[in-house]
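A.B. asks: Please find start_33.cif (mmCIF, C-alpha atoms and all ligand atoms) on the next line:
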```cif
data_data
#
loop_
_atom_site.label_atom_id
_atom_site.label_comp_id
_atom_site.auth_asym_id
_atom_site.auth_seq_id
_atom_site.Cartn_x
_atom_site.Cartn_y
_atom_site.Cartn_z
CA MET A 1 -83.37 -118.07 89.95
CA ASP A 2 -79.78 -116.85 90.26
CA ILE A 3 -79.59 -113.75 88.11
CA ASN A 4 -76.68 -111.32 88.07
CA ILE A 5 -77.73 -107.90 86.82
CA ASN A 6 -74.18 -106.81 85.93
CA SER A 7 -73.51 -109.88 83.83
CA ILE A 8 -76.81 -109.34 81.95
CA LYS A 9 -75.77 -105.73 81.26
CA LYS A 10 -72.31 -106.80 80.04
CA GLU A 11 -73.87 -109.25 77.61
CA LEU A 12 -76.48 -106.74 76.41
CA ILE A 13 -73.77 -104.16 75.63
CA LYS A 14 -72.32 -106.76 73.26
CA THR A 15 -75.58 -107.73 71.55
CA LEU A 16 -77.48 -104.42 71.32
CA ASP A 17 -76.58 -101.20 69.54
CA LYS A 18 -75.89 -98.16 71.71
CA ASP A 19 -79.34 -96.54 71.41
CA ARG A 20 -81.09 -99.82 72.10
CA TYR A 21 -78.90 -100.45 75.14
CA ASN A 22 -79.67 -96.98 76.51
CA HIS A 23 -83.40 -97.55 75.88
CA THR A 24 -83.17 -100.88 77.68
CA VAL A 25 -81.58 -99.33 80.76
CA GLY A 26 -84.25 -96.61 80.68
CA VAL A 27 -87.03 -99.19 80.57
CA SER A 28 -85.43 -101.11 83.41
CA TYR A 29 -85.23 -98.09 85.74
CA THR A 30 -88.70 -96.88 84.74
CA ALA A 31 -90.10 -100.37 85.39
CA MET A 32 -88.44 -100.35 88.83
CA CYS A 33 -90.05 -96.98 89.66
CA LEU A 34 -93.46 -98.30 88.60
CA ALA A 35 -92.85 -101.45 90.66
CA MET A 36 -92.25 -99.22 93.72
CA ARG A 37 -95.47 -97.32 93.01
CA TYR A 38 -97.60 -100.44 92.53
CA GLU A 39 -95.85 -102.65 95.11
CA GLU A 40 -94.60 -105.14 92.51
CA ASN A 41 -91.32 -107.09 92.82
CA ILE A 42 -88.57 -104.55 91.98
CA LYS A 43 -85.93 -107.06 90.89
CA ASN A 44 -88.37 -108.79 88.53
CA ALA A 45 -89.18 -105.40 87.00
CA GLU A 46 -85.47 -104.69 86.60
CA ILE A 47 -84.80 -108.04 84.87
CA ALA A 48 -87.84 -107.83 82.62
CA GLY A 49 -86.96 -104.25 81.64
CA LEU A 50 -83.36 -105.17 80.85
CA LEU A 51 -84.25 -108.20 78.76
CA HIS A 52 -87.47 -107.08 77.03
CA ASP A 53 -85.64 -106.08 73.80
CA CYS A 54 -82.73 -108.54 74.03
CA ALA A 55 -83.65 -109.99 70.59
CA LYS A 56 -84.25 -106.61 68.94
CA CYS A 57 -80.90 -106.30 67.15
CA ILE A 58 -80.92 -109.78 65.61
CA PRO A 59 -81.40 -109.38 61.82
CA ASP A 60 -84.96 -110.25 60.71
CA LYS A 61 -83.89 -113.28 58.65
CA LYS A 62 -82.07 -114.70 61.64
CA LYS A 63 -85.07 -114.01 63.88
CA ILE A 64 -87.20 -116.16 61.58
CA LYS A 65 -84.52 -118.85 61.42
CA MET A 66 -84.16 -118.96 65.22
CA CYS A 67 -87.94 -119.19 65.68
CA LEU A 68 -88.18 -122.06 63.20
CA GLU A 69 -85.27 -123.88 64.85
CA ASN A 70 -86.78 -123.56 68.30
CA ASN A 71 -90.41 -124.35 67.51
CA ILE A 72 -91.58 -120.80 68.14
CA GLU A 73 -94.78 -120.26 66.15
CA ILE A 74 -94.73 -117.52 63.51
CA THR A 75 -98.09 -115.99 62.54
CA ASN A 76 -98.84 -114.47 59.12
CA VAL A 77 -98.61 -110.94 60.52
CA GLU A 78 -95.23 -111.77 62.10
CA MET A 79 -94.00 -113.13 58.76
CA GLU A 80 -95.03 -109.82 57.20
CA HIS A 81 -93.43 -107.77 60.00
CA PRO A 82 -90.65 -109.97 61.43
CA TYR A 83 -89.59 -107.23 63.90
CA LEU A 84 -92.65 -108.32 65.91
CA LEU A 85 -90.85 -111.60 66.63
CA HIS A 86 -88.34 -109.88 68.93
CA SER A 87 -90.82 -110.26 71.79
CA LYS A 88 -91.33 -114.04 71.59
CA LEU A 89 -87.74 -114.65 70.64
CA GLY A 90 -86.60 -112.36 73.45
CA ALA A 91 -88.49 -114.45 75.98
CA TYR A 92 -86.88 -117.59 74.56
CA ILE A 93 -83.40 -116.03 74.87
CA ALA A 94 -84.17 -114.72 78.37
CA GLU A 95 -84.98 -118.28 79.41
CA SER A 96 -82.32 -120.23 77.53
CA LYS A 97 -79.36 -117.82 77.67
CA TYR A 98 -80.04 -115.64 80.73
CA ASN A 99 -81.62 -118.41 82.86
CA VAL A 100 -84.84 -116.55 83.63
CA ASP A 101 -87.36 -119.09 84.92
CA ASP A 102 -90.03 -116.76 86.26
CA GLN A 103 -93.06 -117.11 83.97
CA ASP A 104 -94.39 -113.64 84.81
CA ILE A 105 -91.09 -112.08 83.62
CA LEU A 106 -91.09 -114.24 80.46
CA ASN A 107 -94.72 -113.32 79.70
CA SER A 108 -93.93 -109.63 80.23
CA ILE A 109 -91.29 -109.93 77.51
CA ILE A 110 -93.60 -111.90 75.18
CA LYS A 111 -96.41 -109.34 75.57
CA HIS A 112 -94.41 -106.11 75.60
CA THR A 113 -95.04 -105.12 71.96
CA THR A 114 -98.71 -105.98 71.37
CA GLY A 115 -99.97 -106.13 74.95
CA SER A 116 -102.69 -108.64 75.75
CA ASP A 117 -106.01 -108.80 77.58
CA ASN A 118 -106.05 -108.99 81.39
CA MET A 119 -102.33 -108.35 81.94
CA THR A 120 -100.59 -108.94 85.28
CA MET A 121 -99.15 -105.90 87.07
CA LEU A 122 -95.62 -106.78 85.89
CA GLU A 123 -96.85 -107.16 82.29
CA LYS A 124 -98.51 -103.73 82.46
CA ILE A 125 -95.41 -102.20 84.04
CA VAL A 126 -93.11 -103.43 81.25
CA TYR A 127 -95.61 -102.48 78.53
CA VAL A 128 -95.94 -98.94 79.91
CA ALA A 129 -92.25 -98.49 80.80
CA ASP A 130 -91.32 -99.37 77.21
CA TYR A 131 -93.43 -96.44 75.98
CA ILE A 132 -92.56 -93.80 78.59
CA GLU A 133 -88.88 -94.38 79.43
CA PRO A 134 -86.95 -91.09 79.57
CA LYS A 135 -85.16 -91.47 76.21
CA ARG A 136 -88.39 -91.89 74.21
CA TYR A 137 -89.39 -88.70 72.45
CA LYS A 138 -91.40 -89.59 69.34
CA ALA A 139 -94.53 -91.25 70.75
CA ALA A 140 -97.87 -89.46 70.99
CA ASN A 141 -99.13 -87.87 74.22
CA LEU A 142 -95.93 -88.69 76.12
CA THR A 143 -96.36 -85.99 78.77
CA GLU A 144 -99.89 -87.16 79.60
CA VAL A 145 -99.03 -90.88 79.53
CA ARG A 146 -95.93 -90.41 81.71
CA LYS A 147 -98.12 -88.85 84.41
CA LEU A 148 -100.94 -91.39 83.96
CA ALA A 149 -98.49 -94.27 84.37
CA PHE A 150 -98.01 -93.30 87.99
CA THR A 151 -101.63 -92.34 88.74
CA ASP A 152 -103.77 -94.83 86.77
CA ILE A 153 -101.83 -97.62 85.07
CA ASP A 154 -104.88 -99.19 83.35
CA MET A 155 -105.72 -95.85 81.78
CA ALA A 156 -102.07 -95.48 80.69
CA VAL A 157 -102.21 -98.95 79.06
CA TYR A 158 -105.43 -97.99 77.27
CA VAL A 159 -104.09 -94.67 75.95
CA ILE A 160 -100.87 -96.31 74.72
CA MET A 161 -102.84 -99.01 72.88
CA ARG A 162 -105.20 -96.46 71.33
CA ASP A 163 -102.33 -94.24 70.16
CA THR A 164 -100.28 -97.19 68.88
CA ILE A 165 -103.21 -98.47 66.79
CA ASN A 166 -103.83 -94.95 65.42
CA TYR A 167 -100.15 -94.70 64.51
CA LEU A 168 -100.12 -98.13 62.82
CA ASN A 169 -103.31 -97.30 60.88
CA SER A 170 -101.83 -94.00 59.71
CA LYS A 171 -98.85 -95.91 58.31
CA GLY A 172 -101.05 -98.64 56.79
CA ASN A 173 -99.38 -101.35 58.92
CA VAL A 174 -101.28 -104.55 59.71
CA ILE A 175 -102.59 -104.73 63.27
CA ASP A 176 -101.68 -107.97 65.03
CA ASN A 177 -104.56 -110.02 66.44
CA ASN A 178 -103.10 -109.74 69.97
CA THR A 179 -103.01 -105.95 69.66
CA ASN A 180 -106.72 -105.87 68.73
CA ILE A 181 -107.69 -108.25 71.54
CA ALA A 182 -105.70 -106.20 74.04
CA TYR A 183 -107.18 -102.89 72.88
CA THR A 184 -110.77 -104.17 73.00
CA TYR A 185 -110.23 -105.51 76.53
CA TYR A 186 -108.78 -102.26 77.92
CA LYS A 187 -111.31 -100.09 76.06
CA ASP A 188 -114.17 -102.09 77.66
CA LEU A 189 -112.48 -101.90 81.05
CA ILE A 190 -112.21 -98.10 80.90
CA ASP A 191 -115.72 -97.66 79.41
CA ASN A 192 -117.28 -99.83 82.12
CA ARG A 193 -115.38 -97.97 84.81
CA ASN A 194 -116.73 -94.65 83.50
CA LYS A 195 -120.30 -96.03 83.40
CA THR A 196 -120.07 -97.25 87.00
CA GLN A 197 -118.79 -93.86 88.10
CA LEU A 198 -121.76 -92.12 86.42
CA THR A 199 -124.47 -94.17 88.14
O1 LIG A 201 -89.00 -102.55 70.62
P1 LIG A 201 -89.41 -101.13 70.91
O2 LIG A 201 -89.19 -100.22 69.72
O3 LIG A 201 -88.81 -100.58 72.15
O4 LIG A 201 -90.98 -101.12 71.18
P2 LIG A 201 -92.05 -102.25 70.81
O5 LIG A 201 -91.54 -103.58 71.09
O6 LIG A 201 -93.32 -101.82 71.51
O7 LIG A 201 -92.21 -102.11 69.26
C1 LIG A 201 -92.74 -100.92 68.80
C2 LIG A 201 -93.19 -101.04 67.40
O8 LIG A 201 -94.06 -102.16 67.23
C3 LIG A 201 -93.96 -99.79 67.08
O9 LIG A 201 -93.44 -99.25 65.89
C4 LIG A 201 -95.35 -100.27 66.91
C5 LIG A 201 -95.17 -101.72 66.52
N1 LIG A 201 -96.35 -102.54 66.80
C6 LIG A 201 -97.02 -102.70 67.96
N2 LIG A 201 -98.12 -103.45 67.77
C7 LIG A 201 -98.14 -103.78 66.46
C8 LIG A 201 -97.01 -103.21 65.83
N3 LIG A 201 -96.73 -103.36 64.51
C9 LIG A 201 -97.62 -104.05 63.77
N4 LIG A 201 -97.41 -104.19 62.47
N5 LIG A 201 -98.74 -104.62 64.30
C10 LIG A 201 -99.05 -104.52 65.64
O10 LIG A 201 -100.07 -105.02 66.07
FE FE A 202 -89.63 -104.12 71.88
FE FE A 203 -88.40 -101.55 73.99
#
```
Take the structure in this file and express it as structure tokens.

C.D. replies:
Amino acid sequence: MDININSIKKELIKTLDKDRYNHTVGVSYTAMCLAMRYEENIKNAEIAGLLHDCAKCIPDKKKIKMCLENNIEITNVEMEHPYLLHSKLGAYIAESKYNVDDQDILNSIIKHTTGSDNMTMLEKIVYVADYIEPKRYKAANLTEVRKLAFTDIDMAVYVIMRDTINYLNSKGNVIDNNTNIAYTYYKDLIDNRNKTQLT
């Protein structure tokens, strides 16, 4: 995989708006810091962070069109909330346009919005970095989650999923099946860990 970070950044400046580009760089650096902490591949974290939202600024209609053209499945919930497609479509663009062939990086992009059960370390790093990067300021419990990310990444994943679902419920948004599966998995993992510690 011959990937040039500067050429990715040049292309992203053209295809993302300014705030989204700054967020992307924040996620990339945060993912690299987490990769240092958890002994994950730093360059993979950098690439995944940079490309995770590469499809975000494509208009929703075009997202749907591009998915249909490239045989990317669209679920009912994604049809209702087409912004969710930026993850799958982003992975497709990372592979076809940016020549990413590492499946762990591509899966990190696919899973970065909903999460999934049993994520790899890179998948967890991108999921968490997306929520805690320095420019984020609206999300719930940011101070706590930023600290947790570096002390207990599974707990950070769980708290982010819990707070995201609470937020979506408060807005009356449909919860994606993957989000529910992911939340149940990490809730069980944390509950079981607490039980083991008690006995
Ligand atoms: O692309 P970003 O804004 O950086 O972050 P993201 O890809 O995590 O997208 C965040 C939005 O996605 C946030 O408003 C919550 C929403 N989201 C996450 N899971 C679900 C969801 N929206 C719906 N409708 N259903 C979900 O399961
Ligand atoms: Fe995103
Ligand atoms: Fe993001």

A.B. asks: When the cut-off is 7 Å and you count only C-alpha atoms and all ligand atoms, which residues lie near ligand FE 203 (chain A), shown as a ChimeraX atom specification?

C.D. replies: /A:23-24,52-53,130

A.B. asks: Mind checking which residues fall within 9 Å of segment 59-71 of chain A, counting only C-alpha atoms, ignoring those fewer than 6 positions away in the same chain, and posting them as a list in words?

C.D. replies: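 Surrounding residues, per the criterion: Met79, His81, Pro82, Tyr83, Leu85, His86, Lys88, Leu89 and Tyr92 of chain A.
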
A.B. asks: Tell me, in Å to one decimal, how far atom CA of Ile58 of chain A is from atom CA of Leu84 of chain A.

C.D. replies: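 Result for atom CA of Ile58 of chain A versus atom CA of Leu84 of chain A: 11.8 Å, one decimal.
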
A.B. asks: Kindly give the distance, in Å, that separates atom O3 of ligand LIG 201 (chain A) and atom CA of Tyr131 of chain A, rounded to a single decimal.

C.D. replies: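 Atom O3 of ligand LIG 201 (chain A) sits 7.3 Å away from atom CA of Tyr131 of chain A.
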
A.B. asks: From the list A:Met155, A:Ala129, A:Ile47, A:Leu142, which residue is nearest Lys9 of chain A when using only C-alpha atoms?

C.D. replies: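 Once distances to Lys9 of chain A are computed over only C-alpha atoms, the minimum belongs to A:Ile47.
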
A.B. asks: Tell me, as an mmCIF file with C-alpha atoms, keeping the file's coordinate frame, which residues lie within 12 Å of Lys10 of chain A, counting all atoms listed in the file; anything in the same chain fewer than 3 positions away does not count.

C.D. replies:
```cif
data_model
loop_
_atom_site.group_PDB
_atom_site.id
_atom_site.type_symbol
_atom_site.label_atom_id
_atom_site.label_comp_id
_atom_site.auth_asym_id
_atom_site.auth_seq_id
_atom_site.Cartn_x
_atom_site.Cartn_y
_atom_site.Cartn_z
ATOM 1 C CA ASN A 4 -76.680 -111.320 88.070
ATOM 2 C CA ILE A 5 -77.730 -107.900 86.820
ATOM 3 C CA ASN A 6 -74.180 -106.810 85.930
ATOM 4 C CA SER A 7 -73.510 -109.880 83.830
ATOM 5 C CA ILE A 13 -73.770 -104.160 75.630
ATOM 6 C CA LYS A 14 -72.320 -106.760 73.260
ATOM 7 C CA THR A 15 -75.580 -107.730 71.550
ATOM 8 C CA LEU A 16 -77.480 -104.420 71.320
ATOM 9 C CA TYR A 21 -78.900 -100.450 75.140
ATOM 10 C CA VAL A 25 -81.580 -99.330 80.760
ATOM 11 C CA LEU A 50 -83.360 -105.170 80.850
ATOM 12 C CA TYR A 98 -80.040 -115.640 80.730
#
```

A.B. asks: Calculate, to one decimal in Å, the centre and edge lengths of the box along x, y and z of the file that holds all listed atoms of ligand LIG 201 (chain A) with 3 Å of margin on each side, and present them as lines of an AutoDock Vina configuration file.

C.D. replies:
```
center_x = -94.4
center_y = -102.1
center_z = 67.3
size_x = 17.3
size_y = 11.8
size_z = 15.7
```

A.B. asks: Go through the chains and note each residue within 9 Å of ligand LIG 201 (chain A), using all atoms listed in the file, then give the set as a PyMOL selection string.

C.D. replies: chain A and resi 20+23-24+27+52-53+56+77-78+80-84+86-87+111-115+127+130-131+136+161+164-165+167-168+172-180

A.B. asks: From the options A:Ile190, A:Leu106, A:Asp154, A:Cys57, which residue's atoms come nearest to ligand FE 202 (chain A), counting all atoms listed in the file?

C.D. replies: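 Residue with the minimum atom-to-atom distance to ligand FE 202 (chain A): A:Cys57.
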
A.B. asks: As a PDB file with C-alpha atoms, keeping the file's coordinate frame, please: the residues near Val100 of chain A (cut-off 8 Å, all atoms listed in the file, same-chain neighbours under 5 positions excluded).

C.D. replies:
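Dumped to out-v6.pdb:
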```pdb
ATOM      1  CA  MET A   1     -83.370-118.070  89.950  1.00  0.00           C
ATOM      2  CA  ILE A   3     -79.590-113.750  88.110  1.00  0.00           C
ATOM      3  CA  ALA A  94     -84.170-114.720  78.370  1.00  0.00           C
ATOM      4  CA  GLU A  95     -84.980-118.280  79.410  1.00  0.00           C
ATOM      5  CA  ILE A 105     -91.090-112.080  83.620  1.00  0.00           C
ATOM      6  CA  LEU A 106     -91.090-114.240  80.460  1.00  0.00           C
TER       7      LEU A 106
END
```

A.B. asks: Determine the nearest neighbour of Arg146 of chain A from the options A:Ala31, A:Val128, A:Ile110, A:Ala48, counting only C-alpha atoms.

C.D. replies: A:Val128

A.B. asks: From the set A:Cys33, A:Ile72, A:Ile42, A:Val126, which residue has the shortest atom-to-atom contact distance to ligand FE 202 (chain A), counting all atoms listed in the file?

C.D. replies: A:Val126
